[in-house]
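Heads up, the thing below is written out as C-alpha cells.
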Amino acid sequence: MKFAVIGGTGRIGSQVVENLRAAGHEAVPHSPSTGVDIITGQGLAEAVEGADVVVNLTNSPTFDEASLAFFRTSMDNLLAASEKAGVGHFVILSIVGVDQVPGLDYYRAKVLQEDLLKAGSVPYSIVRATQFMEFMDAVLSWTADGDTVRLPRTPVQPIAAADVARFVAETAQGAPLGGVLDIAGPDRYPLDELGRLTLAARNDGRTVVTDDTAGMFAAVHGDVLTAPSGARIAPTRYPDWLA
C-alpha cells in the first residue's frame, strides 16, 4: 500500500515510516521541509494523491489556546484533501484520557481533532497513547527551580516512542477501526516518583518535591492518564529505556 505520513520527519513519524517500509509498503514522509504546509494547504493535494492511507502525526507548536486553531485548520485541510483523493483510511495519534481533562487547552484541542476526524467521511482510526517516556525532560523543565523540581503525584503509565510508532504503523496497515485503540507502557508511576527515577538514573543531583499544584499535570485528577480497560500494553519498561 501507499502511505502518506504527514509529520513523517518527526520523532514518531520517522519511525512509523521506517516500520511501514520494513513491512514492504511505500511510505512517504511529508513535512514543511518537504514542501507541505497543513495550515496554508500548500502541497497537500500532491502529498495525499494516490495514497491508500494518510497518517497524521503533526503537532501544534504550542500547548496553549492557539492549539485549538491549529488542529481545526490542519484537520479541515487534511480531510478535504483526503476526501478529494479518495483516501481509504485516515489515522491520527491522540492521548489516553484526553476527553477527561477539560482544564487543559491542549487536551481540548486534541479532542477537537478527534471530533473533526469522526465527523468526516474518510474511514478512520484513532490511536491514543499514554505519556511518552521521551517527554520526561520537558516535564522536569517546566517546574525546575535551581536545585529542585516540583511535580504532582499524578498517576502516569509512560510508553516509549518506538513502541508508539510500532502500534501506529500496525494500525495504519489494518482495516479502519472507526474508533479508538488505547496503548500504554507496562508500568504505572506517580509522576513525582518518575521524576526521581529519572534524575537518579542520570546522576542529576536535583531534588523532586511533591507538589500537587505544580505544572501542567496538576490539572489531571484520578487515573485518567493510565491504561484503560482493553488497552494494548507495550513491552518497554521505563528503567530499561533509561538505561
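Here's how to read the names in the C-alpha cells: chain A, B, ... by the order shown, residue numbers from 1 in each chain, ligand numbers from 1 in the order shown.
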Using the chain letters and numbers from this document, which residues of region 72-221 of chain A does DSSP assign to strand (DSSP E or B), as a PDB file with C-alpha atoms, in the first residue's frame?
ATOM      1  CA  HIS A  89      -8.084   5.210   5.878  1.00  0.00           C
ATOM      2  CA  PHE A  90      -7.042   8.209   7.996  1.00  0.00           C
ATOM      3  CA  VAL A  91      -5.050   7.629  11.211  1.00  0.00           C
ATOM      4  CA  ILE A  92      -4.230  10.106  13.984  1.00  0.00           C
ATOM      5  CA  LEU A  93      -2.274   9.834  17.228  1.00  0.00           C
ATOM      6  CA  SER A  94      -4.010  11.183  20.324  1.00  0.00           C
ATOM      7  CA  ILE A  95      -3.729  10.870  24.119  1.00  0.00           C
ATOM      8  CA  TYR A 124     -10.556   6.417  10.385  1.00  0.00           C
ATOM      9  CA  SER A 125      -8.597   5.060  13.319  1.00  0.00           C
ATOM     10  CA  ILE A 126      -7.532   6.942  16.459  1.00  0.00           C
ATOM     11  CA  VAL A 127      -4.538   5.658  18.423  1.00  0.00           C
ATOM     12  CA  ARG A 128      -4.454   7.097  21.948  1.00  0.00           C
ATOM     13  CA  ALA A 129      -1.132   6.770  23.766  1.00  0.00           C
ATOM     14  CA  PHE A 132       5.916   9.345  26.040  1.00  0.00           C
ATOM     15  CA  ALA A 144      12.535  23.284  37.744  1.00  0.00           C
ATOM     16  CA  ASP A 145      13.869  25.973  40.052  1.00  0.00           C
ATOM     17  CA  THR A 148      14.532  21.441  42.987  1.00  0.00           C
ATOM     18  CA  VAL A 149      11.827  20.204  40.645  1.00  0.00           C
ATOM     19  CA  ARG A 150       8.211  20.321  41.761  1.00  0.00           C
ATOM     20  CA  LEU A 151       5.961  17.533  40.464  1.00  0.00           C
ATOM     21  CA  PRO A 155      -0.512   8.656  38.017  1.00  0.00           C
ATOM     22  CA  VAL A 156       1.095   8.059  34.611  1.00  0.00           C
ATOM     23  CA  ILE A 159       5.328   4.442  26.826  1.00  0.00           C
ATOM     24  CA  VAL A 180     -10.084   4.252  19.340  1.00  0.00           C
ATOM     25  CA  LEU A 181      -7.149   1.994  20.205  1.00  0.00           C
ATOM     26  CA  ASP A 182      -5.581   2.792  23.595  1.00  0.00           C
ATOM     27  CA  ILE A 183      -1.899   1.964  24.084  1.00  0.00           C
ATOM     28  CA  ALA A 184       0.260   2.270  27.204  1.00  0.00           C
ATOM     29  CA  TYR A 189       4.101   5.545  38.442  1.00  0.00           C
ATOM     30  CA  PRO A 190       3.165   8.701  40.328  1.00  0.00           C
ATOM     31  CA  THR A 207      15.582  17.026  44.373  1.00  0.00           C
ATOM     32  CA  VAL A 208      11.972  16.329  43.381  1.00  0.00           C
ATOM     33  CA  VAL A 209       9.491  17.992  45.712  1.00  0.00           C
ATOM     34  CA  THR A 210       5.959  16.619  45.655  1.00  0.00           C
TER      35      THR A 210
END
Test item: residues at most 9 Å from Ala66 (chain A), only C-alpha atoms, excluding those fewer than 4 positions along its chain, as a PyMOL selection string | chain A and resi 60-62+70+105-106+109
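For Asn19 (chain A), the set of protein, DNA and RNA residues having any atom at most 9 Å away, when counting only C-alpha atoms and skipping those fewer than 5 positions along the same chain, is Ser14, Gly24, Ala165, Arg166, Ala169 and Glu170 of chain A.
Picture a line from CA of Ala161 (chain A) to CA of Gln15 (chain A); it runs 8.6 Å.
Using only C-alpha atoms, the residues found no farther than 10 Å from Met136 (chain A), other than those of its own chain fewer than 2 positions away, are Gln131, Phe132, Met133, Glu134, Ala138, Val139, Leu140, Ser141, Pro158, Leu191, Leu194, Gly195 and Thr198 of chain A.
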Per DSSP on the backbone, filter chain A down to the residues in helix (DSSP H, G or I) and report them as a ChimeraX atom specification.
-> /A:11-22,32-34,44-48,66-85,98-100,105-119,133-142,161-173,191-201,216-219,238-242
Write out as a compact mmCIF listing (two decimals) with all heavy atoms, in the first residue's frame which residues come within 12 Å of Asp37 (chain A) when counting only C-alpha atoms, dropping same-chain ones fewer than 4 positions away.
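This went into selection10.txt:
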# COMPACT_ATOMS: atom_id res chain seq x y z
N ILE A 6 2.03 12.35 7.27
CA ILE A 6 2.12 13.80 7.49
C ILE A 6 2.77 14.02 8.86
O ILE A 6 2.31 13.47 9.85
CB ILE A 6 0.73 14.46 7.44
CG1 ILE A 6 -0.10 13.93 6.25
CG2 ILE A 6 0.87 15.97 7.38
CD1 ILE A 6 0.50 14.21 4.89
N GLY A 7 3.83 14.82 8.89
CA GLY A 7 4.65 14.87 10.09
C GLY A 7 5.61 13.69 10.12
O GLY A 7 6.02 13.23 11.18
N HIS A 30 6.01 13.51 4.87
CA HIS A 30 5.70 14.88 4.45
C HIS A 30 5.79 15.81 5.65
O HIS A 30 5.37 15.46 6.76
CB HIS A 30 4.30 14.96 3.85
CG HIS A 30 4.10 14.10 2.64
ND1 HIS A 30 4.62 14.43 1.41
CD2 HIS A 30 3.44 12.93 2.49
CE1 HIS A 30 4.28 13.48 0.53
NE2 HIS A 30 3.57 12.55 1.16
N SER A 31 6.34 17.00 5.41
CA SER A 31 6.50 17.99 6.47
C SER A 31 6.81 19.32 5.79
O SER A 31 6.96 19.39 4.56
CB SER A 31 7.65 17.59 7.39
OG SER A 31 8.88 17.68 6.71
N PRO A 32 6.92 20.41 6.56
CA PRO A 32 7.31 21.67 5.93
C PRO A 32 8.62 21.56 5.16
O PRO A 32 8.79 22.22 4.13
CB PRO A 32 7.45 22.63 7.13
CG PRO A 32 6.45 22.11 8.12
CD PRO A 32 6.52 20.61 7.98
N SER A 33 9.54 20.71 5.62
CA SER A 33 10.83 20.57 4.94
C SER A 33 10.70 19.90 3.57
O SER A 33 11.60 20.01 2.73
CB SER A 33 11.81 19.77 5.81
OG SER A 33 11.35 18.44 5.99
N GLY A 41 -2.27 24.77 3.37
CA GLY A 41 -2.71 23.78 2.39
C GLY A 41 -1.73 23.54 1.27
O GLY A 41 -1.95 22.66 0.42
N GLN A 42 -0.62 24.28 1.27
CA GLN A 42 0.37 24.13 0.21
C GLN A 42 0.93 22.70 0.17
O GLN A 42 1.36 22.16 1.18
CB GLN A 42 1.52 25.10 0.43
CG GLN A 42 2.64 24.98 -0.60
CD GLN A 42 3.81 25.90 -0.30
OE1 GLN A 42 3.72 26.77 0.54
NE2 GLN A 42 4.92 25.68 -0.98
N GLY A 43 0.87 22.08 -1.00
CA GLY A 43 1.45 20.77 -1.21
C GLY A 43 0.62 19.61 -0.72
O GLY A 43 1.00 18.44 -0.90
N LEU A 44 -0.54 19.88 -0.12
CA LEU A 44 -1.34 18.79 0.46
C LEU A 44 -1.93 17.88 -0.60
O LEU A 44 -1.93 16.65 -0.45
CB LEU A 44 -2.46 19.36 1.33
CG LEU A 44 -2.16 19.55 2.81
CD1 LEU A 44 -3.41 20.00 3.55
CD2 LEU A 44 -1.63 18.25 3.40
N ALA A 45 -2.47 18.46 -1.67
CA ALA A 45 -3.10 17.65 -2.71
C ALA A 45 -2.09 16.66 -3.29
O ALA A 45 -2.40 15.48 -3.49
CB ALA A 45 -3.67 18.54 -3.81
N GLU A 46 -0.88 17.15 -3.52
CA GLU A 46 0.16 16.29 -4.08
C GLU A 46 0.60 15.22 -3.05
O GLU A 46 0.89 14.08 -3.41
CB GLU A 46 1.38 17.13 -4.49
CG GLU A 46 1.11 18.10 -5.63
CD GLU A 46 0.43 19.39 -5.20
OE1 GLU A 46 0.20 19.58 -3.97
OE2 GLU A 46 0.12 20.20 -6.08
N ALA A 47 0.61 15.61 -1.79
CA ALA A 47 1.07 14.68 -0.75
C ALA A 47 0.15 13.48 -0.61
O ALA A 47 0.62 12.36 -0.37
CB ALA A 47 1.19 15.41 0.59
N THR A 58 1.24 15.21 12.88
CA THR A 58 1.65 16.59 13.14
C THR A 58 1.20 17.01 14.53
O THR A 58 0.28 16.44 15.11
CB THR A 58 1.04 17.53 12.10
OG1 THR A 58 -0.39 17.44 12.15
CG2 THR A 58 1.52 17.18 10.71
N PHE A 70 -4.91 25.56 15.50
CA PHE A 70 -4.00 24.72 14.71
C PHE A 70 -4.69 23.43 14.28
O PHE A 70 -4.67 23.06 13.09
CB PHE A 70 -2.75 24.39 15.51
CG PHE A 70 -1.86 23.38 14.84
CD1 PHE A 70 -0.91 23.77 13.92
CD2 PHE A 70 -2.01 22.01 15.10
CE1 PHE A 70 -0.11 22.82 13.26
CE2 PHE A 70 -1.22 21.07 14.45
CZ PHE A 70 -0.27 21.47 13.53
N THR A 73 -7.75 24.01 11.73
CA THR A 73 -7.34 24.34 10.36
C THR A 73 -6.63 23.17 9.69
O THR A 73 -6.92 22.82 8.53
CB THR A 73 -6.42 25.57 10.37
OG1 THR A 73 -7.11 26.67 10.96
CG2 THR A 73 -5.98 25.94 8.97
N SER A 74 -5.71 22.54 10.40
CA SER A 74 -4.95 21.45 9.79
C SER A 74 -5.84 20.27 9.45
O SER A 74 -5.70 19.67 8.38
CB SER A 74 -3.81 21.01 10.71
OG SER A 74 -4.29 20.55 11.96
N MET A 75 -6.77 19.93 10.35
CA MET A 75 -7.66 18.80 10.06
C MET A 75 -8.64 19.12 8.94
O MET A 75 -8.92 18.27 8.09
CB MET A 75 -8.40 18.37 11.32
CG MET A 75 -7.53 17.62 12.32
SD MET A 75 -6.86 16.06 11.68
CE MET A 75 -8.37 15.05 11.64
N ASN A 77 -8.08 21.04 6.41
CA ASN A 77 -7.32 20.96 5.16
C ASN A 77 -6.97 19.52 4.80
O ASN A 77 -7.10 19.10 3.64
CB ASN A 77 -6.04 21.79 5.28
CG ASN A 77 -6.31 23.28 5.29
OD1 ASN A 77 -7.35 23.73 4.82
ND2 ASN A 77 -5.38 24.07 5.81
N LEU A 78 -6.52 18.75 5.79
CA LEU A 78 -6.12 17.37 5.52
C LEU A 78 -7.30 16.50 5.12
O LEU A 78 -7.19 15.67 4.21
CB LEU A 78 -5.43 16.78 6.75
CG LEU A 78 -3.96 17.15 6.94
CD1 LEU A 78 -3.51 16.82 8.36
CD2 LEU A 78 -3.10 16.41 5.93
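For the choices A:Thr40, A:Gly185, A:Gly205, A:Ser121, the atom-to-atom distance to Phe167 (chain A) is smallest for A:Gly185 when using only C-alpha atoms.
Proximity of A:Arg206, A:Lys118, A:Arg232, A:Arg237 to Pro186 (chain A), computed with only C-alpha atoms, is greatest for A:Arg237.
In this structure, CA of Val87 (chain A) sits 9.8 Å away from CA of Ala4 (chain A).
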Between CA of Leu79 (chain A) and CA of Val5 (chain A), what is the distance, to one decimal in Å?
-> 13.7 Å
